Every structure is written in C-alpha cells, then in structure tokens.
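Written below as structure tokens is the structure these notes are about.
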Amino acid sequence: MLEFVPIATVDPAAVEALLDRAFGRDRHGRTAYRLRAGVTPIPELSLAAVEDGALAGTIQCWPVEINGDDGSVHPIVLVGPVAVEPARQRGGLGKELVHQALDAAVELDLDGAMMLIGDPEYYGRFWGFSADATHGWRLPGPVERHRLLARGSDVPAIGGILGPRVAVAA
C-alpha cells in the first residue's frame, strides 16, 4: 500500500540515492541547488511516498525569497525536486506528490507565492504555474527562462535576485 509520510521520517541516505537515480549524480551543480543553499526544506511540504517499506518518490519544498531591485523582499516557496523511482516514472506518482505538497501549502496558507523550475506545459496545465511574472527574476546560475514558473496571488512581477530565505519567521 502506498502511503505519503513526512520526508523527515525517511532515511536521508535513501532520499539522496533516489535523487541520484532520478536526476544523476551531477545534480548538485544545478541552479536550483544554489537557489536553496543553506536552508532546510519546509517539513510540512516535504513528503515521501513509501510502498511496502520501500521509498518510491519524494517531493521537497524550500523557503526562498526575491530581493527586489526596489528594496522589497518577497518570500516564495520553491517546489522541487520531485523525484520518482525510475521504474515508476510516468505512472502518476510524481503528479500525486505535487498534489499532496500543494494541498498542504493551501492548508498552511503557504500557497500565495510558489515557484519551480520545470516544464511549463505540464506544471501550467495541472497547477497553473506560468512564467508570466518571472521575467525580471535573476537566479544564482543559468536557467531556461520559459521554465522559471510561479503561481499564487502574492507572486511579485518585479526585477530582483532570487535566493535562499535563511531567516524564516515561525
């Protein structure tokens, strides 16, 4: 039976091994890793899918912020990575993990500003993510602009630098 549990209850080595299988061992050089450097995932939005004691998939969400060129600071939730055991990919598990995390964000009122780097057709179709507000955002590394997506009523359509949100109010 498949169950969704807090990722904190799963062996971190198993999570890292799954991420390696899903994205490759060179994944640490990607811009998304720089974007969340030095922060820990948001526990309530970071989940693991476990079936018969085996890790099948994970999703993690991270506190980031955009520091606007106008001096403003806007907190944003970075969604991802979404990792699914390669043998189970294309079976809907990744989609269910995203649903679980986004539903939890709604429950905790953390869904006002969310972003990710991903396929605009997929994330736009199912969850309303788009690149409409992100054209002025700068990241700590390269990104395909059409894949820098956001959703929510509090997403700032401003110029600014996106980075980790180290100080998070409780």
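Residue numbering restarts at 1 in every chain; chains get A, B, ... in the order shown in the structure tokens, and ligands count up from 1 in that same order.
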Residue list (strand (DSSP E or B), DSSP) for segment 5-168 of chain A, as an mmCIF file with N, CA, C and O atoms, in the first residue's frame:
```
data_model
loop_
_atom_site.group_PDB
_atom_site.id
_atom_site.type_symbol
_atom_site.label_atom_id
_atom_site.label_comp_id
_atom_site.auth_asym_id
_atom_site.auth_seq_id
_atom_site.Cartn_x
_atom_site.Cartn_y
_atom_site.Cartn_z
ATOM 1 N N VAL A 5 4.302 10.133 3.665
ATOM 2 C CA VAL A 5 4.793 10.408 5.014
ATOM 3 C C VAL A 5 5.725 11.615 4.960
ATOM 4 O O VAL A 5 6.272 11.942 3.897
ATOM 5 N N PRO A 6 5.943 12.262 6.107
ATOM 6 C CA PRO A 6 6.927 13.344 6.118
ATOM 7 C C PRO A 6 8.302 12.811 5.687
ATOM 8 O O PRO A 6 8.718 11.738 6.140
ATOM 9 N N LEU A 47 7.574 15.611 1.412
ATOM 10 C CA LEU A 47 6.948 14.309 1.625
ATOM 11 C C LEU A 47 7.682 13.196 0.899
ATOM 12 O O LEU A 47 8.394 13.433 -0.074
ATOM 13 N N ALA A 48 7.448 11.991 1.373
ATOM 14 C CA ALA A 48 7.967 10.793 0.729
ATOM 15 C C ALA A 48 6.800 9.849 0.459
ATOM 16 O O ALA A 48 5.877 9.749 1.264
ATOM 17 N N ALA A 49 6.861 9.173 -0.662
ATOM 18 C CA ALA A 49 5.902 8.121 -0.989
ATOM 19 C C ALA A 49 6.606 6.795 -0.700
ATOM 20 O O ALA A 49 7.666 6.519 -1.263
ATOM 21 N N VAL A 50 6.012 6.019 0.188
ATOM 22 C CA VAL A 50 6.601 4.746 0.605
ATOM 23 C C VAL A 50 5.597 3.635 0.325
ATOM 24 O O VAL A 50 4.411 3.768 0.631
ATOM 25 N N GLU A 51 6.104 2.558 -0.277
ATOM 26 C CA GLU A 51 5.236 1.411 -0.561
ATOM 27 C C GLU A 51 5.930 0.146 -0.089
ATOM 28 O O GLU A 51 7.048 -0.145 -0.509
ATOM 29 N N ALA A 54 9.479 0.493 0.981
ATOM 30 C CA ALA A 54 10.466 0.984 0.010
ATOM 31 C C ALA A 54 10.111 2.405 -0.424
ATOM 32 O O ALA A 54 8.939 2.717 -0.677
ATOM 33 N N LEU A 55 11.129 3.238 -0.537
ATOM 34 C CA LEU A 55 10.942 4.613 -0.992
ATOM 35 C C LEU A 55 10.647 4.618 -2.488
ATOM 36 O O LEU A 55 11.434 4.112 -3.288
ATOM 37 N N ALA A 56 9.506 5.202 -2.868
ATOM 38 C CA ALA A 56 9.097 5.237 -4.274
ATOM 39 C C ALA A 56 9.227 6.638 -4.875
ATOM 40 O O ALA A 56 9.400 6.777 -6.080
ATOM 41 N N GLY A 57 9.136 7.670 -4.030
ATOM 42 C CA GLY A 57 9.214 9.033 -4.539
ATOM 43 C C GLY A 57 9.309 10.043 -3.420
ATOM 44 O O GLY A 57 9.007 9.730 -2.264
ATOM 45 N N THR A 58 9.749 11.249 -3.780
ATOM 46 C CA THR A 58 9.842 12.332 -2.796
ATOM 47 C C THR A 58 9.512 13.661 -3.464
ATOM 48 O O THR A 58 9.638 13.810 -4.673
ATOM 49 N N ILE A 59 9.101 14.599 -2.631
ATOM 50 C CA ILE A 59 8.992 15.997 -3.028
ATOM 51 C C ILE A 59 9.499 16.822 -1.858
ATOM 52 O O ILE A 59 9.252 16.478 -0.697
ATOM 53 N N GLN A 60 10.227 17.870 -2.186
ATOM 54 C CA GLN A 60 10.707 18.790 -1.171
ATOM 55 C C GLN A 60 10.331 20.203 -1.588
ATOM 56 O O GLN A 60 10.306 20.512 -2.777
ATOM 57 N N CYS A 61 10.024 21.041 -0.611
ATOM 58 C CA CYS A 61 9.718 22.444 -0.849
ATOM 59 C C CYS A 61 10.604 23.271 0.077
ATOM 60 O O CYS A 61 10.841 22.883 1.227
ATOM 61 N N TRP A 62 11.060 24.422 -0.422
ATOM 62 C CA TRP A 62 12.109 25.190 0.236
ATOM 63 C C TRP A 62 11.724 26.653 0.399
ATOM 64 O O TRP A 62 11.086 27.225 -0.492
ATOM 65 N N PRO A 63 12.182 27.286 1.475
ATOM 66 C CA PRO A 63 11.938 28.716 1.645
ATOM 67 C C PRO A 63 12.980 29.536 0.873
ATOM 68 O O PRO A 63 14.172 29.454 1.138
ATOM 69 N N VAL A 64 12.512 30.288 -0.115
ATOM 70 C CA VAL A 64 13.380 31.194 -0.864
ATOM 71 C C VAL A 64 12.726 32.571 -0.834
ATOM 72 O O VAL A 64 11.618 32.743 -0.312
ATOM 73 N N GLU A 65 13.414 33.557 -1.385
ATOM 74 C CA GLU A 65 12.845 34.893 -1.444
ATOM 75 C C GLU A 65 13.413 35.635 -2.633
ATOM 76 O O GLU A 65 14.492 35.300 -3.132
ATOM 77 N N ILE A 66 12.652 36.620 -3.072
ATOM 78 C CA ILE A 66 13.168 37.513 -4.100
ATOM 79 C C ILE A 66 13.427 38.855 -3.439
ATOM 80 O O ILE A 66 12.573 39.404 -2.751
ATOM 81 N N ASN A 67 14.657 39.312 -3.596
ATOM 82 C CA ASN A 67 15.043 40.630 -3.122
ATOM 83 C C ASN A 67 14.912 41.570 -4.304
ATOM 84 O O ASN A 67 15.731 41.552 -5.228
ATOM 85 N N GLY A 68 13.858 42.376 -4.256
ATOM 86 C CA GLY A 68 13.538 43.240 -5.383
ATOM 87 C C GLY A 68 14.546 44.356 -5.576
ATOM 88 O O GLY A 68 15.146 44.844 -4.613
ATOM 89 N N VAL A 73 11.290 42.734 -0.219
ATOM 90 C CA VAL A 73 11.629 41.324 -0.042
ATOM 91 C C VAL A 73 10.326 40.534 -0.047
ATOM 92 O O VAL A 73 9.385 40.875 0.670
ATOM 93 N N HIS A 74 10.291 39.484 -0.867
ATOM 94 C CA HIS A 74 9.078 38.686 -1.020
ATOM 95 C C HIS A 74 9.385 37.213 -0.794
ATOM 96 O O HIS A 74 10.136 36.610 -1.563
ATOM 97 N N PRO A 75 8.809 36.596 0.254
ATOM 98 C CA PRO A 75 9.010 35.159 0.462
ATOM 99 C C PRO A 75 8.287 34.346 -0.594
ATOM 100 O O PRO A 75 7.189 34.698 -1.033
ATOM 101 N N ILE A 76 8.930 33.266 -1.007
ATOM 102 C CA ILE A 76 8.377 32.366 -2.019
ATOM 103 C C ILE A 76 8.717 30.933 -1.607
ATOM 104 O O ILE A 76 9.780 30.694 -1.036
ATOM 105 N N VAL A 77 7.847 30.005 -1.912
ATOM 106 C CA VAL A 77 8.110 28.586 -1.690
ATOM 107 C C VAL A 77 8.600 27.987 -3.005
ATOM 108 O O VAL A 77 7.909 28.065 -4.025
ATOM 109 N N LEU A 78 9.802 27.419 -2.978
ATOM 110 C CA LEU A 78 10.364 26.703 -4.121
ATOM 111 C C LEU A 78 9.900 25.252 -4.052
ATOM 112 O O LEU A 78 10.178 24.555 -3.072
ATOM 113 N N VAL A 79 9.196 24.803 -5.073
ATOM 114 C CA VAL A 79 8.685 23.434 -5.142
ATOM 115 C C VAL A 79 9.687 22.590 -5.929
ATOM 116 O O VAL A 79 10.048 22.923 -7.045
ATOM 117 N N GLY A 80 10.126 21.503 -5.320
ATOM 118 C CA GLY A 80 11.015 20.577 -6.007
ATOM 119 C C GLY A 80 12.350 20.450 -5.309
ATOM 120 O O GLY A 80 12.698 21.292 -4.483
ATOM 121 N N PRO A 81 13.001 19.371 -5.558
ATOM 122 C CA PRO A 81 12.760 18.423 -6.636
ATOM 123 C C PRO A 81 11.644 17.425 -6.329
ATOM 124 O O PRO A 81 11.358 17.119 -5.177
ATOM 125 N N VAL A 82 11.036 16.975 -7.402
ATOM 126 C CA VAL A 82 10.086 15.867 -7.350
ATOM 127 C C VAL A 82 10.832 14.681 -7.948
ATOM 128 O O VAL A 82 11.205 14.704 -9.115
ATOM 129 N N ALA A 83 11.084 13.677 -7.138
ATOM 130 C CA ALA A 83 11.848 12.507 -7.596
ATOM 131 C C ALA A 83 10.992 11.254 -7.479
ATOM 132 O O ALA A 83 10.360 11.023 -6.447
ATOM 133 N N VAL A 84 10.998 10.476 -8.541
ATOM 134 C CA VAL A 84 10.266 9.213 -8.557
ATOM 135 C C VAL A 84 11.235 8.121 -8.996
ATOM 136 O O VAL A 84 12.041 8.321 -9.913
ATOM 137 N N MET A 114 4.450 30.633 -4.959
ATOM 138 C CA MET A 114 5.186 29.381 -5.134
ATOM 139 C C MET A 114 5.869 29.419 -6.487
ATOM 140 O O MET A 114 5.347 30.011 -7.434
ATOM 141 N N MET A 115 7.038 28.788 -6.579
ATOM 142 C CA MET A 115 7.768 28.772 -7.843
ATOM 143 C C MET A 115 8.476 27.450 -8.012
ATOM 144 O O MET A 115 8.634 26.698 -7.062
ATOM 145 N N LEU A 116 8.868 27.178 -9.255
ATOM 146 C CA LEU A 116 9.645 25.990 -9.573
ATOM 147 C C LEU A 116 10.335 26.185 -10.899
ATOM 148 O O LEU A 116 10.056 27.139 -11.633
ATOM 149 N N ILE A 117 11.252 25.305 -11.173
ATOM 150 C CA ILE A 117 11.889 25.259 -12.480
ATOM 151 C C ILE A 117 11.441 23.950 -13.111
ATOM 152 O O ILE A 117 11.744 22.877 -12.590
ATOM 153 N N SER A 130 3.123 29.449 -14.313
ATOM 154 C CA SER A 130 3.473 30.088 -15.584
ATOM 155 C C SER A 130 4.703 30.973 -15.398
ATOM 156 O O SER A 130 5.099 31.278 -14.267
ATOM 157 N N TRP A 137 13.176 38.156 -12.796
ATOM 158 C CA TRP A 137 13.897 37.469 -11.718
ATOM 159 C C TRP A 137 15.280 37.049 -12.196
ATOM 160 O O TRP A 137 15.455 36.561 -13.307
ATOM 161 N N ARG A 138 16.264 37.218 -11.323
ATOM 162 C CA ARG A 138 17.619 36.743 -11.590
ATOM 163 C C ARG A 138 17.940 35.637 -10.587
ATOM 164 O O ARG A 138 17.595 35.743 -9.417
ATOM 165 N N LEU A 148 11.159 28.881 -15.756
ATOM 166 C CA LEU A 148 11.098 29.535 -14.449
ATOM 167 C C LEU A 148 9.649 29.944 -14.220
ATOM 168 O O LEU A 148 9.161 30.923 -14.783
ATOM 169 N N LEU A 149 8.949 29.166 -13.417
ATOM 170 C CA LEU A 149 7.499 29.262 -13.295
ATOM 171 C C LEU A 149 7.077 29.655 -11.891
ATOM 172 O O LEU A 149 7.765 29.341 -10.914
ATOM 173 N N ALA A 150 5.927 30.307 -11.792
ATOM 174 C CA ALA A 150 5.386 30.698 -10.485
ATOM 175 C C ALA A 150 3.867 30.639 -10.528
ATOM 176 O O ALA A 150 3.255 30.640 -11.610
ATOM 177 N N ARG A 151 3.283 30.624 -9.349
ATOM 178 C CA ARG A 151 1.827 30.693 -9.216
ATOM 179 C C ARG A 151 1.495 31.270 -7.852
ATOM 180 O O ARG A 151 2.280 31.171 -6.912
ATOM 181 N N GLY A 160 14.524 41.414 -9.653
ATOM 182 C CA GLY A 160 15.202 41.148 -8.392
ATOM 183 C C GLY A 160 15.951 39.841 -8.436
ATOM 184 O O GLY A 160 15.862 39.083 -9.399
ATOM 185 N N ILE A 161 16.687 39.586 -7.377
ATOM 186 C CA ILE A 161 17.504 38.369 -7.278
ATOM 187 C C ILE A 161 16.804 37.368 -6.370
ATOM 188 O O ILE A 161 16.360 37.706 -5.279
ATOM 189 N N LEU A 162 16.710 36.149 -6.840
ATOM 190 C CA LEU A 162 16.090 35.065 -6.096
ATOM 191 C C LEU A 162 17.177 34.307 -5.356
ATOM 192 O O LEU A 162 18.240 34.028 -5.916
ATOM 193 N N GLY A 163 16.926 34.002 -4.095
ATOM 194 C CA GLY A 163 17.910 33.269 -3.305
ATOM 195 C C GLY A 163 17.282 32.610 -2.100
ATOM 196 O O GLY A 163 16.072 32.714 -1.874
ATOM 197 N N PRO A 164 18.100 31.930 -1.303
ATOM 198 C CA PRO A 164 17.577 31.239 -0.117
ATOM 199 C C PRO A 164 17.020 32.235 0.904
ATOM 200 O O PRO A 164 17.531 33.343 1.029
#
```
Show which residues sit within 12 Å of Asp132 of chain A, as a PyMOL selection string. Count only C-alpha atoms, and ignore same-chain residues fewer than 3 positions away. chain A and resi 115+120+124+128-129+135-137+145-152+155-158
Atomic separation - atom CA of Gly118 of chain A relative to atom CA of Arg30 of chain A, Å: 12.7 Å
Measuring between only C-alpha atoms, which one of A:Gly24, A:Pro43, A:Gly112, A:Gly141 shows the shortest distance to Pro86 of chain A? A:Gly24
I'd like to know which residues of chain A are helix (DSSP H, G or I) (by DSSP, run on the backbone); could you write them as an MDAnalysis selection string? chainID A and resid 7:9 12:23 27:29 31:35 43:45 86:88 93:107 120:127 145:147
Saved selection, atoms kept: C-alpha atoms, as an mmCIF file, in the first residue's frame:
```cif
data_model
loop_
_atom_site.group_PDB
_atom_site.id
_atom_site.type_symbol
_atom_site.label_atom_id
_atom_site.label_comp_id
_atom_site.auth_asym_id
_atom_site.auth_seq_id
_atom_site.Cartn_x
_atom_site.Cartn_y
_atom_site.Cartn_z
ATOM 1 C CA ILE A 7 10.287 13.094 4.348
ATOM 2 C CA ALA A 8 11.965 13.602 7.731
ATOM 3 C CA THR A 9 10.819 10.094 8.695
ATOM 4 C CA PRO A 12 18.295 10.680 4.306
ATOM 5 C CA ALA A 13 20.707 8.315 2.533
ATOM 6 C CA ALA A 14 17.743 6.641 0.807
ATOM 7 C CA VAL A 15 16.435 10.045 -0.304
ATOM 8 C CA GLU A 16 19.856 11.016 -1.699
ATOM 9 C CA ALA A 17 20.163 7.684 -3.516
ATOM 10 C CA LEU A 18 16.723 8.176 -5.085
ATOM 11 C CA LEU A 19 17.661 11.707 -6.179
ATOM 12 C CA ASP A 20 20.842 10.307 -7.765
ATOM 13 C CA ARG A 21 18.837 7.678 -9.670
ATOM 14 C CA ALA A 22 16.212 10.197 -10.773
ATOM 15 C CA PHE A 23 18.476 13.150 -11.695
ATOM 16 C CA ARG A 27 22.654 17.219 -9.972
ATOM 17 C CA HIS A 28 24.320 19.307 -7.242
ATOM 18 C CA GLY A 29 25.667 21.777 -9.798
ATOM 19 C CA THR A 31 20.866 26.320 -10.325
ATOM 20 C CA ALA A 32 18.070 25.007 -8.108
ATOM 21 C CA TYR A 33 20.674 23.693 -5.658
ATOM 22 C CA ARG A 34 22.294 27.130 -5.465
ATOM 23 C CA LEU A 35 18.890 28.708 -5.002
ATOM 24 C CA PRO A 43 8.890 19.996 6.797
ATOM 25 C CA GLU A 44 5.117 20.193 6.274
ATOM 26 C CA LEU A 45 5.511 20.398 2.482
ATOM 27 C CA PRO A 86 12.876 5.457 -12.408
ATOM 28 C CA ALA A 87 10.931 2.198 -12.771
ATOM 29 C CA ARG A 88 7.804 4.014 -11.528
ATOM 30 C CA LEU A 93 3.277 9.205 -8.656
ATOM 31 C CA GLY A 94 5.080 12.498 -9.317
ATOM 32 C CA LYS A 95 1.769 14.181 -10.046
ATOM 33 C CA GLU A 96 0.324 12.858 -6.796
ATOM 34 C CA LEU A 97 3.361 14.069 -4.826
ATOM 35 C CA VAL A 98 2.894 17.577 -6.238
ATOM 36 C CA HIS A 99 -0.823 17.472 -5.394
ATOM 37 C CA GLN A 100 -0.019 16.400 -1.827
ATOM 38 C CA ALA A 101 2.520 19.216 -1.331
ATOM 39 C CA LEU A 102 0.329 21.904 -2.900
ATOM 40 C CA ASP A 103 -2.702 20.797 -0.875
ATOM 41 C CA ALA A 104 -0.598 21.019 2.294
ATOM 42 C CA ALA A 105 0.548 24.509 1.246
ATOM 43 C CA VAL A 106 -3.084 25.603 0.915
ATOM 44 C CA GLU A 107 -3.902 24.196 4.366
ATOM 45 C CA PRO A 120 5.632 24.893 -18.436
ATOM 46 C CA GLU A 121 3.115 22.734 -20.321
ATOM 47 C CA TYR A 122 2.958 20.139 -17.545
ATOM 48 C CA TYR A 123 3.021 22.428 -14.493
ATOM 49 C CA GLY A 124 0.808 25.003 -16.167
ATOM 50 C CA ARG A 125 -1.838 22.522 -17.232
ATOM 51 C CA PHE A 126 -2.248 20.807 -13.881
ATOM 52 C CA TRP A 127 -1.442 23.531 -11.348
ATOM 53 C CA ARG A 145 13.590 31.466 -18.790
ATOM 54 C CA HIS A 146 10.472 29.687 -20.059
ATOM 55 C CA ARG A 147 10.999 27.014 -17.342
#
```
Can you tell me how far atom CA of Glu144 of chain A sits from atom CA of Arg36 of chain A, in Å to one decimal? 17.7 Å
